[in-house]
Every structure is written in structure tokens, then in C-alpha cells.
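Asker: So here's target_36.csv (CSV, N, CA, C and O atoms).
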```csv
chain,number,residue,atom,x,y,z
A,1,MET,N,14.7,-4.5,17.3
A,1,MET,CA,13.9,-4.3,16.1
A,1,MET,C,14.2,-5.5,15.2
A,1,MET,O,15.3,-5.9,15.1
A,2,THR,N,13.1,-6.0,14.6
A,2,THR,CA,13.2,-7.2,13.8
A,2,THR,C,12.8,-6.9,12.4
A,2,THR,O,11.7,-6.3,12.2
A,3,THR,N,13.6,-7.3,11.4
A,3,THR,CA,13.2,-7.1,10.0
A,3,THR,C,12.9,-8.5,9.5
A,3,THR,O,13.7,-9.4,9.6
A,4,THR,N,11.8,-8.6,8.8
A,4,THR,CA,11.4,-9.9,8.2
A,4,THR,C,11.1,-9.7,6.7
A,4,THR,O,10.5,-8.6,6.3
A,5,MET,N,11.4,-10.6,5.9
A,5,MET,CA,11.0,-10.6,4.5
A,5,MET,C,9.9,-11.6,4.4
A,5,MET,O,10.0,-12.8,4.7
A,6,GLN,N,8.7,-11.1,3.9
A,6,GLN,CA,7.6,-12.0,3.7
A,6,GLN,C,7.2,-12.0,2.3
A,6,GLN,O,7.3,-11.1,1.6
A,7,THR,N,6.7,-13.2,1.9
A,7,THR,CA,6.2,-13.3,0.5
A,7,THR,C,4.7,-13.8,0.5
A,7,THR,O,4.3,-14.4,-0.4
A,8,VAL,N,4.0,-13.4,1.6
A,8,VAL,CA,2.6,-13.8,1.7
A,8,VAL,C,1.8,-12.5,2.1
A,8,VAL,O,2.3,-11.7,2.8
A,9,TYR,N,0.5,-12.5,1.7
A,9,TYR,CA,-0.4,-11.5,2.1
A,9,TYR,C,-0.8,-11.8,3.5
A,9,TYR,O,-0.6,-12.9,4.0
A,10,GLY,N,-1.6,-10.9,4.2
A,10,GLY,CA,-2.1,-11.1,5.5
A,10,GLY,C,-3.0,-12.3,5.6
A,10,GLY,O,-3.2,-13.0,6.6
A,11,ASN,N,-3.7,-12.7,4.5
A,11,ASN,CA,-4.6,-13.8,4.5
A,11,ASN,C,-3.9,-15.1,4.2
A,11,ASN,O,-4.6,-16.1,4.0
A,12,GLY,N,-2.6,-15.1,4.0
A,12,GLY,CA,-1.8,-16.3,3.7
A,12,GLY,C,-1.6,-16.6,2.3
A,12,GLY,O,-0.9,-17.6,2.0
A,13,THR,N,-2.2,-15.9,1.4
A,13,THR,CA,-1.9,-16.2,-0.1
A,13,THR,C,-0.6,-15.6,-0.5
A,13,THR,O,-0.2,-14.6,0.1
A,14,ALA,N,0.0,-16.2,-1.4
A,14,ALA,CA,1.4,-15.7,-1.9
A,14,ALA,C,1.3,-14.5,-2.7
A,14,ALA,O,0.4,-14.2,-3.4
A,15,PHE,N,2.3,-13.7,-2.6
A,15,PHE,CA,2.5,-12.5,-3.5
A,15,PHE,C,2.7,-13.1,-4.9
A,15,PHE,O,3.3,-14.1,-5.1
A,16,PRO,N,2.3,-12.3,-5.9
A,16,PRO,CA,2.7,-12.7,-7.3
A,16,PRO,C,4.2,-12.7,-7.5
A,16,PRO,O,4.9,-12.1,-6.7
A,17,PRO,N,4.7,-13.5,-8.4
A,17,PRO,CA,6.1,-13.5,-8.7
A,17,PRO,C,6.7,-12.1,-8.9
A,17,PRO,O,6.1,-11.3,-9.6
A,18,GLY,N,7.9,-11.9,-8.4
A,18,GLY,CA,8.5,-10.6,-8.6
A,18,GLY,C,8.2,-9.5,-7.5
A,18,GLY,O,8.7,-8.4,-7.6
A,19,ILE,N,7.4,-9.9,-6.5
A,19,ILE,CA,7.1,-8.9,-5.4
A,19,ILE,C,7.5,-9.6,-4.1
A,19,ILE,O,7.2,-10.7,-3.8
A,20,ASN,N,8.1,-8.8,-3.3
A,20,ASN,CA,8.4,-9.2,-1.9
A,20,ASN,C,7.9,-8.1,-1.0
A,20,ASN,O,7.8,-6.9,-1.4
A,21,SER,N,7.7,-8.4,0.3
A,21,SER,CA,7.3,-7.4,1.2
A,21,SER,C,8.3,-7.4,2.4
A,21,SER,O,8.5,-8.5,3.0
A,22,ILE,N,8.7,-6.3,2.9
A,22,ILE,CA,9.6,-6.2,4.0
A,22,ILE,C,8.9,-5.4,5.1
A,22,ILE,O,8.4,-4.3,4.8
A,23,ARG,N,8.8,-6.0,6.3
A,23,ARG,CA,8.1,-5.3,7.4
A,23,ARG,C,9.1,-5.2,8.5
A,23,ARG,O,9.8,-6.2,8.9
A,24,ASN,N,9.1,-4.1,9.2
A,24,ASN,CA,9.9,-3.9,10.3
A,24,ASN,C,9.0,-3.7,11.5
A,24,ASN,O,8.1,-2.8,11.5
A,25,ARG,N,9.2,-4.4,12.6
A,25,ARG,CA,8.3,-4.3,13.7
A,25,ARG,C,9.2,-4.1,15.0
A,25,ARG,O,10.2,-4.7,15.2
A,26,GLU,N,8.6,-3.3,15.9
A,26,GLU,CA,9.1,-3.2,17.2
A,26,GLU,C,8.0,-3.8,18.1
A,26,GLU,O,7.0,-3.2,18.4
A,27,GLY,N,8.2,-5.0,18.5
A,27,GLY,CA,7.2,-5.7,19.3
A,27,GLY,C,6.1,-6.3,18.4
A,27,GLY,O,6.1,-6.1,17.2
A,28,ARG,N,5.2,-6.9,18.9
A,28,ARG,CA,4.1,-7.7,18.2
A,28,ARG,C,3.2,-6.7,17.4
A,28,ARG,O,2.8,-7.0,16.3
A,29,ASP,N,2.8,-5.6,18.0
A,29,ASP,CA,1.7,-4.8,17.4
A,29,ASP,C,2.2,-3.5,16.9
A,29,ASP,O,1.3,-2.7,16.5
A,30,HIS,N,3.5,-3.2,16.9
A,30,HIS,CA,3.9,-1.9,16.4
A,30,HIS,C,4.8,-2.1,15.2
A,30,HIS,O,5.9,-2.5,15.2
A,31,ARG,N,4.2,-1.7,14.0
A,31,ARG,CA,4.9,-1.8,12.8
A,31,ARG,C,5.6,-0.4,12.5
A,31,ARG,O,4.9,0.6,12.6
A,32,THR,N,6.8,-0.4,12.2
A,32,THR,CA,7.5,0.9,11.9
A,32,THR,C,7.5,1.2,10.5
A,32,THR,O,7.5,2.4,10.1
A,33,HIS,N,7.5,0.2,9.6
A,33,HIS,CA,7.3,0.5,8.2
A,33,HIS,C,7.0,-0.9,7.4
A,33,HIS,O,7.2,-1.9,8.0
A,34,HIS,N,6.6,-0.7,6.2
A,34,HIS,CA,6.2,-1.8,5.4
A,34,HIS,C,6.6,-1.5,3.9
A,34,HIS,O,6.0,-0.5,3.4
A,35,LEU,N,7.5,-2.2,3.4
A,35,LEU,CA,8.0,-1.8,2.0
A,35,LEU,C,7.8,-3.0,1.1
A,35,LEU,O,8.1,-4.1,1.4
A,36,HIS,N,7.2,-2.7,-0.1
A,36,HIS,CA,7.0,-3.7,-1.1
A,36,HIS,C,8.2,-3.5,-2.1
A,36,HIS,O,8.5,-2.4,-2.5
A,37,VAL,N,8.8,-4.6,-2.5
A,37,VAL,CA,10.0,-4.5,-3.4
A,37,VAL,C,9.6,-5.3,-4.7
A,37,VAL,O,9.2,-6.5,-4.6
A,38,TYR,N,9.7,-4.6,-5.8
A,38,TYR,CA,9.3,-5.2,-7.1
A,38,TYR,C,10.5,-5.4,-7.9
A,38,TYR,O,11.5,-4.6,-7.9
A,39,GLU,N,10.5,-6.4,-8.8
A,39,GLU,CA,11.5,-6.5,-9.8
A,39,GLU,C,11.3,-5.4,-10.8
A,39,GLU,O,10.1,-5.0,-11.0
A,40,GLN,N,12.3,-4.8,-11.3
A,40,GLN,CA,12.2,-3.6,-12.2
A,40,GLN,C,11.2,-3.8,-13.3
A,40,GLN,O,10.5,-2.9,-13.7
A,41,SER,N,11.2,-5.0,-13.9
A,41,SER,CA,10.3,-5.3,-15.0
A,41,SER,C,8.9,-5.7,-14.7
A,41,SER,O,8.1,-5.9,-15.5
A,42,HIS,N,8.6,-5.7,-13.4
A,42,HIS,CA,7.2,-6.1,-13.0
A,42,HIS,C,6.2,-5.1,-13.5
A,42,HIS,O,6.4,-3.9,-13.5
A,43,PRO,N,5.1,-5.5,-14.0
A,43,PRO,CA,4.1,-4.6,-14.7
A,43,PRO,C,3.5,-3.6,-13.7
A,43,PRO,O,3.0,-2.6,-14.2
A,44,GLN,N,3.5,-3.9,-12.4
A,44,GLN,CA,2.9,-2.9,-11.5
A,44,GLN,C,3.8,-1.7,-11.2
A,44,GLN,O,3.3,-0.7,-10.6
A,45,VAL,N,5.0,-1.8,-11.5
A,45,VAL,CA,6.0,-0.7,-11.2
A,45,VAL,C,5.5,0.6,-11.8
A,45,VAL,O,5.5,1.7,-11.1
A,46,SER,N,5.1,0.7,-13.1
A,46,SER,CA,4.7,1.9,-13.7
A,46,SER,C,3.4,2.5,-13.0
A,46,SER,O,3.4,3.7,-12.8
A,47,ASP,N,2.5,1.7,-12.6
A,47,ASP,CA,1.3,2.2,-11.9
A,47,ASP,C,1.7,2.8,-10.5
A,47,ASP,O,1.1,3.8,-10.1
A,48,HIS,N,2.6,2.1,-9.9
A,48,HIS,CA,3.0,2.6,-8.5
A,48,HIS,C,3.7,4.0,-8.7
A,48,HIS,O,3.5,4.9,-7.9
A,49,LEU,N,4.5,4.2,-9.7
A,49,LEU,CA,5.2,5.4,-10.0
A,49,LEU,C,4.1,6.5,-10.4
A,49,LEU,O,4.2,7.7,-9.9
A,50,LEU,N,3.2,6.1,-11.2
A,50,LEU,CA,2.1,7.1,-11.6
A,50,LEU,C,1.3,7.5,-10.3
A,50,LEU,O,1.0,8.7,-10.2
A,51,PHE,N,1.0,6.6,-9.5
A,51,PHE,CA,0.3,6.9,-8.2
A,51,PHE,C,1.1,7.9,-7.4
A,51,PHE,O,0.5,8.9,-7.0
A,52,ARG,N,2.3,7.6,-7.2
A,52,ARG,CA,3.2,8.5,-6.4
A,52,ARG,C,3.3,9.8,-7.0
A,52,ARG,O,3.1,10.9,-6.3
A,53,ASN,N,3.5,9.9,-8.3
A,53,ASN,CA,3.7,11.2,-8.9
A,53,ASN,C,2.4,12.0,-8.9
A,53,ASN,O,2.4,13.2,-8.8
A,54,TYR,N,1.3,11.3,-9.1
A,54,TYR,CA,0.0,12.0,-9.1
A,54,TYR,C,-0.3,12.6,-7.7
A,54,TYR,O,-0.7,13.8,-7.7
A,55,LEU,N,0.0,11.9,-6.7
A,55,LEU,CA,-0.2,12.5,-5.3
A,55,LEU,C,0.7,13.6,-5.1
A,55,LEU,O,0.4,14.6,-4.4
A,56,ALA,N,1.9,13.5,-5.6
A,56,ALA,CA,2.9,14.7,-5.4
A,56,ALA,C,2.4,15.9,-6.1
A,56,ALA,O,2.6,17.0,-5.6
A,57,ARG,N,1.7,15.8,-7.3
A,57,ARG,CA,1.2,16.9,-8.0
A,57,ARG,C,-0.1,17.4,-7.6
A,57,ARG,O,-0.6,18.5,-7.9
A,58,HIS,N,-0.8,16.6,-6.7
A,58,HIS,CA,-2.2,16.9,-6.3
A,58,HIS,C,-2.2,16.8,-4.8
A,58,HIS,O,-2.7,15.8,-4.2
A,59,PRO,N,-1.7,17.8,-4.0
A,59,PRO,CA,-1.7,17.7,-2.6
A,59,PRO,C,-3.0,17.5,-1.9
A,59,PRO,O,-3.1,16.8,-0.9
A,60,GLU,N,-4.1,18.0,-2.5
A,60,GLU,CA,-5.4,17.8,-1.9
A,60,GLU,C,-5.8,16.4,-1.9
A,60,GLU,O,-6.4,15.8,-1.0
A,61,GLN,N,-5.5,15.7,-3.0
A,61,GLN,CA,-5.7,14.2,-3.1
A,61,GLN,C,-4.8,13.5,-2.2
A,61,GLN,O,-5.3,12.4,-1.6
A,62,ALA,N,-3.6,13.9,-2.0
A,62,ALA,CA,-2.7,13.2,-1.1
A,62,ALA,C,-3.3,13.3,0.4
A,62,ALA,O,-3.2,12.4,1.1
A,63,LEU,N,-3.8,14.5,0.7
A,63,LEU,CA,-4.4,14.7,2.0
A,63,LEU,C,-5.6,13.8,2.2
A,63,LEU,O,-5.8,13.1,3.3
A,64,GLN,N,-6.5,13.6,1.2
A,64,GLN,CA,-7.6,12.7,1.3
A,64,GLN,C,-7.2,11.3,1.4
A,64,GLN,O,-7.7,10.5,2.2
A,65,TYR,N,-6.1,10.9,0.7
A,65,TYR,CA,-5.6,9.5,0.8
A,65,TYR,C,-5.0,9.3,2.1
A,65,TYR,O,-5.3,8.2,2.7
A,66,GLY,N,-4.3,10.2,2.7
A,66,GLY,CA,-3.8,10.1,4.0
A,66,GLY,C,-4.9,9.9,5.1
A,66,GLY,O,-4.8,9.1,6.0
A,67,GLU,N,-5.9,10.7,4.9
A,67,GLU,CA,-7.1,10.6,5.9
A,67,GLU,C,-7.7,9.2,5.8
A,67,GLU,O,-8.1,8.6,6.8
A,68,LEU,N,-7.9,8.8,4.5
A,68,LEU,CA,-8.5,7.4,4.3
A,68,LEU,C,-7.6,6.4,5.0
A,68,LEU,O,-8.1,5.5,5.7
A,69,LYS,N,-6.3,6.5,4.8
A,69,LYS,CA,-5.4,5.5,5.4
A,69,LYS,C,-5.5,5.5,7.0
A,69,LYS,O,-5.5,4.5,7.6
A,70,ARG,N,-5.6,6.7,7.6
A,70,ARG,CA,-5.7,6.8,9.0
A,70,ARG,C,-7.0,6.2,9.5
A,70,ARG,O,-7.0,5.4,10.5
A,71,GLN,N,-8.1,6.4,8.8
A,71,GLN,CA,-9.4,5.9,9.2
A,71,GLN,C,-9.4,4.3,9.0
A,71,GLN,O,-9.8,3.6,9.9
A,72,LEU,N,-8.8,3.8,7.9
A,72,LEU,CA,-8.8,2.4,7.7
A,72,LEU,C,-7.8,1.7,8.7
A,72,LEU,O,-8.0,0.6,9.1
A,73,THR,N,-6.7,2.4,9.1
A,73,THR,CA,-5.8,1.8,10.1
A,73,THR,C,-6.6,1.5,11.4
A,73,THR,O,-6.3,0.5,12.0
A,74,ASN,N,-7.4,2.4,11.7
A,74,ASN,CA,-8.2,2.2,13.0
A,74,ASN,C,-9.3,1.1,12.7
A,74,ASN,O,-9.4,0.2,13.6
A,75,ASP,N,-9.9,1.1,11.6
A,75,ASP,CA,-10.9,0.1,11.3
A,75,ASP,C,-10.4,-1.3,11.1
A,75,ASP,O,-11.1,-2.3,11.4
A,76,TYR,N,-9.2,-1.4,10.6
A,76,TYR,CA,-8.6,-2.7,10.2
A,76,TYR,C,-7.3,-2.9,11.0
A,76,TYR,O,-6.3,-3.5,10.4
A,77,GLN,N,-7.2,-2.5,12.2
A,77,GLN,CA,-5.9,-2.6,13.0
A,77,GLN,C,-5.3,-3.9,13.0
A,77,GLN,O,-4.1,-4.0,12.9
A,78,TYR,N,-6.0,-5.0,13.0
A,78,TYR,CA,-5.5,-6.3,13.1
A,78,TYR,C,-5.8,-7.1,11.8
A,78,TYR,O,-5.7,-8.4,11.8
A,79,ASP,N,-6.1,-6.5,10.7
A,79,ASP,CA,-6.5,-7.1,9.5
A,79,ASP,C,-5.8,-6.4,8.3
A,79,ASP,O,-6.4,-5.7,7.6
A,80,PRO,N,-4.5,-6.7,8.1
A,80,PRO,CA,-3.8,-5.9,7.0
A,80,PRO,C,-4.4,-6.3,5.6
A,80,PRO,O,-4.4,-5.4,4.7
A,81,PHE,N,-4.9,-7.5,5.4
A,81,PHE,CA,-5.5,-7.8,4.1
A,81,PHE,C,-6.8,-7.0,3.9
A,81,PHE,O,-7.0,-6.4,2.8
A,82,GLY,N,-7.6,-6.9,4.9
A,82,GLY,CA,-8.8,-6.1,4.9
A,82,GLY,C,-8.6,-4.7,4.6
A,82,GLY,O,-9.3,-4.0,3.9
A,83,TYR,N,-7.5,-4.2,5.3
A,83,TYR,CA,-7.1,-2.8,5.0
A,83,TYR,C,-6.7,-2.5,3.6
A,83,TYR,O,-7.2,-1.6,3.0
A,84,GLN,N,-5.9,-3.4,3.0
A,84,GLN,CA,-5.6,-3.3,1.6
A,84,GLN,C,-6.8,-3.3,0.7
A,84,GLN,O,-6.9,-2.5,-0.2
A,85,GLN,N,-7.7,-4.3,1.0
A,85,GLN,CA,-8.9,-4.4,0.2
A,85,GLN,C,-9.8,-3.1,0.3
A,85,GLN,O,-10.4,-2.7,-0.7
A,86,ALA,N,-9.9,-2.6,1.5
A,86,ALA,CA,-10.7,-1.4,1.7
A,86,ALA,C,-10.2,-0.2,1.0
A,86,ALA,O,-11.1,0.7,0.7
A,87,LYS,N,-9.0,-0.1,0.8
A,87,LYS,CA,-8.5,1.1,0.1
A,87,LYS,C,-8.2,0.9,-1.4
A,87,LYS,O,-7.9,1.8,-2.2
A,88,ALA,N,-8.4,-0.3,-1.9
A,88,ALA,CA,-8.1,-0.7,-3.3
A,88,ALA,C,-8.9,0.1,-4.3
A,88,ALA,O,-8.3,0.6,-5.3
A,89,ASP,N,-10.2,0.3,-4.1
A,89,ASP,CA,-10.9,1.1,-5.1
A,89,ASP,C,-10.4,2.6,-5.2
A,89,ASP,O,-10.3,3.1,-6.3
A,90,HIS,N,-10.1,3.1,-4.0
A,90,HIS,CA,-9.6,4.5,-4.0
A,90,HIS,C,-8.2,4.6,-4.8
A,90,HIS,O,-8.0,5.5,-5.6
A,91,CYS,N,-7.4,3.6,-4.5
A,91,CYS,CA,-6.1,3.6,-5.2
A,91,CYS,C,-6.2,3.4,-6.7
A,91,CYS,O,-5.6,4.0,-7.5
A,92,ARG,N,-7.1,2.5,-7.1
A,92,ARG,CA,-7.4,2.3,-8.5
A,92,ARG,C,-7.9,3.5,-9.2
A,92,ARG,O,-7.5,3.9,-10.3
A,93,ASP,N,-8.7,4.3,-8.5
A,93,ASP,CA,-9.3,5.6,-9.0
A,93,ASP,C,-8.1,6.6,-9.2
A,93,ASP,O,-8.1,7.3,-10.2
A,94,ILE,N,-7.2,6.6,-8.3
A,94,ILE,CA,-6.1,7.5,-8.4
A,94,ILE,C,-5.2,7.1,-9.6
A,94,ILE,O,-4.8,8.0,-10.4
A,95,VAL,N,-4.9,5.9,-9.8
A,95,VAL,CA,-4.2,5.4,-10.9
A,95,VAL,C,-4.9,5.7,-12.2
A,95,VAL,O,-4.3,6.2,-13.2
A,96,ARG,N,-6.2,5.5,-12.2
A,96,ARG,CA,-7.0,5.8,-13.4
A,96,ARG,C,-6.9,7.3,-13.8
A,96,ARG,O,-6.6,7.7,-15.0
A,97,ARG,N,-7.0,8.2,-12.8
A,97,ARG,CA,-6.8,9.6,-13.0
A,97,ARG,C,-5.4,10.0,-13.5
A,97,ARG,O,-5.2,10.8,-14.3
A,98,ALA,N,-4.4,9.3,-12.9
A,98,ALA,CA,-3.0,9.5,-13.3
A,98,ALA,C,-2.8,9.2,-14.8
A,98,ALA,O,-1.9,9.8,-15.4
A,99,HIS,N,-3.5,8.2,-15.3
A,99,HIS,CA,-3.3,7.8,-16.7
A,99,HIS,C,-3.9,8.8,-17.7
A,99,HIS,O,-3.6,8.8,-18.8
A,100,GLN,N,-4.8,9.6,-17.2
A,100,GLN,CA,-5.5,10.6,-18.1
A,100,GLN,C,-4.7,11.7,-18.4
A,100,GLN,O,-3.8,12.2,-17.8
```
Take the structure in this file and express it as C-alpha cells.
Answerer:
Amino acid sequence: MTTTMQTVYGNGTAFPPGINSIRNREGRDHRTHHLHVYEQSHPQVSDHLLFRNYLARHPEQALQYGELKRQLTNDYQYDPFGYQQAKADHCRDIVRRAHQ
């Protein structure tokens, strides 16, 4: 198993300052996990926590989000940037609802 620290998106653009991405892979095409690490003061931390907490309080929304992720995983199997872009509107909507 190989652990790599990456600071670029799938399309080659750099992550904003204060964000790193850790991916663990078993072989070329099998990712075991993908973790984003933020500096504590990064402005996206609060939205990520709101997102997590909202899904924990709304299991039906969590199931819908999980189904979307499964569908997009199939649709964007070799395009992680496309996958992220395809779920972005849904994620923004969840954060918007969490702020209400």
C-alpha cells in the first residue's frame, strides 16, 4: 500500500494554500481513501463541519448524497476532477441549507 501527499487537483491545478490531499492506493486503480487536510484557520473548515453535521442530522439527505456519489463514481471513474465538479452544486446546496 502506498500513501502519497498531493497538492494538486486531478486536472493538475494546485490546491489553494492551507489544503493538502492524502490518497492511499492499492495498485493503480484502487483507491482505499482520500483525505483532505486543512489548516485550522482555513475558511473552508467551518463549511465542511456544517456539511458533516447537517448530514448526520438528516439521514435521508445523507442517503441521497451517498447515492449521488455512487452514481458519479461510475460516471467519472477515471476523472476525479470531473467527479468533484459534478457533485459541487449538490454539496453547495447542502451547505446552504446547513447555514439556515
Asker: I'd like to know which of A:Pro80, A:Ser46, A:Ala86, A:Asn53 is closest to Leu68 in chain A, using all atoms listed in the file.
Answerer: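 Looking at the shortest contact to Leu68 in chain A, the residue is A:Ala86.
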Asker: Need to verify the contact set: range 94-99 of chain A, 6 Å, only N, CA, C and O atoms, exclusion of same-chain residues closer than 4 positions in sequence. Can you return it as a PDB file with N, CA, C and O atoms, keeping the file's coordinate frame?
Answerer:
```
ATOM      1  N   ASP A  47       2.500   1.700 -12.600  1.00  0.00           N
ATOM      2  CA  ASP A  47       1.300   2.200 -11.900  1.00  0.00           C
ATOM      3  C   ASP A  47       1.700   2.800 -10.500  1.00  0.00           C
ATOM      4  O   ASP A  47       1.100   3.800 -10.100  1.00  0.00           O
ATOM      5  N   LEU A  50       3.200   6.100 -11.200  1.00  0.00           N
ATOM      6  CA  LEU A  50       2.100   7.100 -11.600  1.00  0.00           C
ATOM      7  C   LEU A  50       1.300   7.500 -10.300  1.00  0.00           C
ATOM      8  O   LEU A  50       1.000   8.700 -10.200  1.00  0.00           O
ATOM      9  N   PHE A  51       1.000   6.600  -9.500  1.00  0.00           N
ATOM     10  CA  PHE A  51       0.300   6.900  -8.200  1.00  0.00           C
ATOM     11  C   PHE A  51       1.100   7.900  -7.400  1.00  0.00           C
ATOM     12  O   PHE A  51       0.500   8.900  -7.000  1.00  0.00           O
ATOM     13  N   TYR A  54       1.300  11.300  -9.100  1.00  0.00           N
ATOM     14  CA  TYR A  54       0.000  12.000  -9.100  1.00  0.00           C
ATOM     15  C   TYR A  54      -0.300  12.600  -7.700  1.00  0.00           C
ATOM     16  O   TYR A  54      -0.700  13.800  -7.700  1.00  0.00           O
ATOM     17  N   ASP A  89     -10.200   0.300  -4.100  1.00  0.00           N
ATOM     18  CA  ASP A  89     -10.900   1.100  -5.100  1.00  0.00           C
ATOM     19  C   ASP A  89     -10.400   2.600  -5.200  1.00  0.00           C
ATOM     20  O   ASP A  89     -10.300   3.100  -6.300  1.00  0.00           O
ATOM     21  N   HIS A  90     -10.100   3.100  -4.000  1.00  0.00           N
ATOM     22  CA  HIS A  90      -9.600   4.500  -4.000  1.00  0.00           C
ATOM     23  C   HIS A  90      -8.200   4.600  -4.800  1.00  0.00           C
ATOM     24  O   HIS A  90      -8.000   5.500  -5.600  1.00  0.00           O
TER      25      HIS A  90
END
```
Asker: Quick one: distance from CA of Gln61 in chain A to CA of Tyr78 in chain A in Å, one decimal?
Answerer: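 Pair CA of Gln61 in chain A / CA of Tyr78 in chain A returns 26.1 Å.
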Asker: Go ahead and compute the interatomic distance for atom O of Leu63 in chain A and atom O of Glu39 in chain A, in Å to one decimal.
Answerer: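 Calculated distance between atom O of Leu63 in chain A and atom O of Glu39 in chain A is 28.0 Å.
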Asker: Running DSSP on the backbone, which parts of range 28-70 of chain A land in alpha helix (DSSP H), as number ranges by chain?
Answerer: A: 44-57, 59-70
Asker: Could you save the residues just selected, with N, CA, C and O atoms, as a CSV table (one decimal), in the coordinates of the input?
Answerer:
```csv
chain,number,residue,atom,x,y,z
A,44,GLN,N,3.5,-3.9,-12.4
A,44,GLN,CA,2.9,-2.9,-11.5
A,44,GLN,C,3.8,-1.7,-11.2
A,44,GLN,O,3.3,-0.7,-10.6
A,45,VAL,N,5.0,-1.8,-11.5
A,45,VAL,CA,6.0,-0.7,-11.2
A,45,VAL,C,5.5,0.6,-11.8
A,45,VAL,O,5.5,1.7,-11.1
A,46,SER,N,5.1,0.7,-13.1
A,46,SER,CA,4.7,1.9,-13.7
A,46,SER,C,3.4,2.5,-13.0
A,46,SER,O,3.4,3.7,-12.8
A,47,ASP,N,2.5,1.7,-12.6
A,47,ASP,CA,1.3,2.2,-11.9
A,47,ASP,C,1.7,2.8,-10.5
A,47,ASP,O,1.1,3.8,-10.1
A,48,HIS,N,2.6,2.1,-9.9
A,48,HIS,CA,3.0,2.6,-8.5
A,48,HIS,C,3.7,4.0,-8.7
A,48,HIS,O,3.5,4.9,-7.9
A,49,LEU,N,4.5,4.2,-9.7
A,49,LEU,CA,5.2,5.4,-10.0
A,49,LEU,C,4.1,6.5,-10.4
A,49,LEU,O,4.2,7.7,-9.9
A,50,LEU,N,3.2,6.1,-11.2
A,50,LEU,CA,2.1,7.1,-11.6
A,50,LEU,C,1.3,7.5,-10.3
A,50,LEU,O,1.0,8.7,-10.2
A,51,PHE,N,1.0,6.6,-9.5
A,51,PHE,CA,0.3,6.9,-8.2
A,51,PHE,C,1.1,7.9,-7.4
A,51,PHE,O,0.5,8.9,-7.0
A,52,ARG,N,2.3,7.6,-7.2
A,52,ARG,CA,3.2,8.5,-6.4
A,52,ARG,C,3.3,9.8,-7.0
A,52,ARG,O,3.1,10.9,-6.3
A,53,ASN,N,3.5,9.9,-8.3
A,53,ASN,CA,3.7,11.2,-8.9
A,53,ASN,C,2.4,12.0,-8.9
A,53,ASN,O,2.4,13.2,-8.8
A,54,TYR,N,1.3,11.3,-9.1
A,54,TYR,CA,0.0,12.0,-9.1
A,54,TYR,C,-0.3,12.6,-7.7
A,54,TYR,O,-0.7,13.8,-7.7
A,55,LEU,N,0.0,11.9,-6.7
A,55,LEU,CA,-0.2,12.5,-5.3
A,55,LEU,C,0.7,13.6,-5.1
A,55,LEU,O,0.4,14.6,-4.4
A,56,ALA,N,1.9,13.5,-5.6
A,56,ALA,CA,2.9,14.7,-5.4
A,56,ALA,C,2.4,15.9,-6.1
A,56,ALA,O,2.6,17.0,-5.6
A,57,ARG,N,1.7,15.8,-7.3
A,57,ARG,CA,1.2,16.9,-8.0
A,57,ARG,C,-0.1,17.4,-7.6
A,57,ARG,O,-0.6,18.5,-7.9
A,59,PRO,N,-1.7,17.8,-4.0
A,59,PRO,CA,-1.7,17.7,-2.6
A,59,PRO,C,-3.0,17.5,-1.9
A,59,PRO,O,-3.1,16.8,-0.9
A,60,GLU,N,-4.1,18.0,-2.5
A,60,GLU,CA,-5.4,17.8,-1.9
A,60,GLU,C,-5.8,16.4,-1.9
A,60,GLU,O,-6.4,15.8,-1.0
A,61,GLN,N,-5.5,15.7,-3.0
A,61,GLN,CA,-5.7,14.2,-3.1
A,61,GLN,C,-4.8,13.5,-2.2
A,61,GLN,O,-5.3,12.4,-1.6
A,62,ALA,N,-3.6,13.9,-2.0
A,62,ALA,CA,-2.7,13.2,-1.1
A,62,ALA,C,-3.3,13.3,0.4
A,62,ALA,O,-3.2,12.4,1.1
A,63,LEU,N,-3.8,14.5,0.7
A,63,LEU,CA,-4.4,14.7,2.0
A,63,LEU,C,-5.6,13.8,2.2
A,63,LEU,O,-5.8,13.1,3.3
A,64,GLN,N,-6.5,13.6,1.2
A,64,GLN,CA,-7.6,12.7,1.3
A,64,GLN,C,-7.2,11.3,1.4
A,64,GLN,O,-7.7,10.5,2.2
A,65,TYR,N,-6.1,10.9,0.7
A,65,TYR,CA,-5.6,9.5,0.8
A,65,TYR,C,-5.0,9.3,2.1
A,65,TYR,O,-5.3,8.2,2.7
A,66,GLY,N,-4.3,10.2,2.7
A,66,GLY,CA,-3.8,10.1,4.0
A,66,GLY,C,-4.9,9.9,5.1
A,66,GLY,O,-4.8,9.1,6.0
A,67,GLU,N,-5.9,10.7,4.9
A,67,GLU,CA,-7.1,10.6,5.9
A,67,GLU,C,-7.7,9.2,5.8
A,67,GLU,O,-8.1,8.6,6.8
A,68,LEU,N,-7.9,8.8,4.5
A,68,LEU,CA,-8.5,7.4,4.3
A,68,LEU,C,-7.6,6.4,5.0
A,68,LEU,O,-8.1,5.5,5.7
A,69,LYS,N,-6.3,6.5,4.8
A,69,LYS,CA,-5.4,5.5,5.4
A,69,LYS,C,-5.5,5.5,7.0
A,69,LYS,O,-5.5,4.5,7.6
A,70,ARG,N,-5.6,6.7,7.6
A,70,ARG,CA,-5.7,6.8,9.0
A,70,ARG,C,-7.0,6.2,9.5
A,70,ARG,O,-7.0,5.4,10.5
```
Asker: Separation of CA of Val45 in chain A and CA of Gln71 in chain A, in Å?
Answerer: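 So the answer is 26.4 Å.
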Asker: For Gln44 in chain A, which residue out of A:Arg92, A:Gln100, A:Gln64, A:Asp75 is the nearest one, using only C-alpha atoms?
Answerer: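 Closest to Gln44 in chain A of all the choices is A:Arg92.
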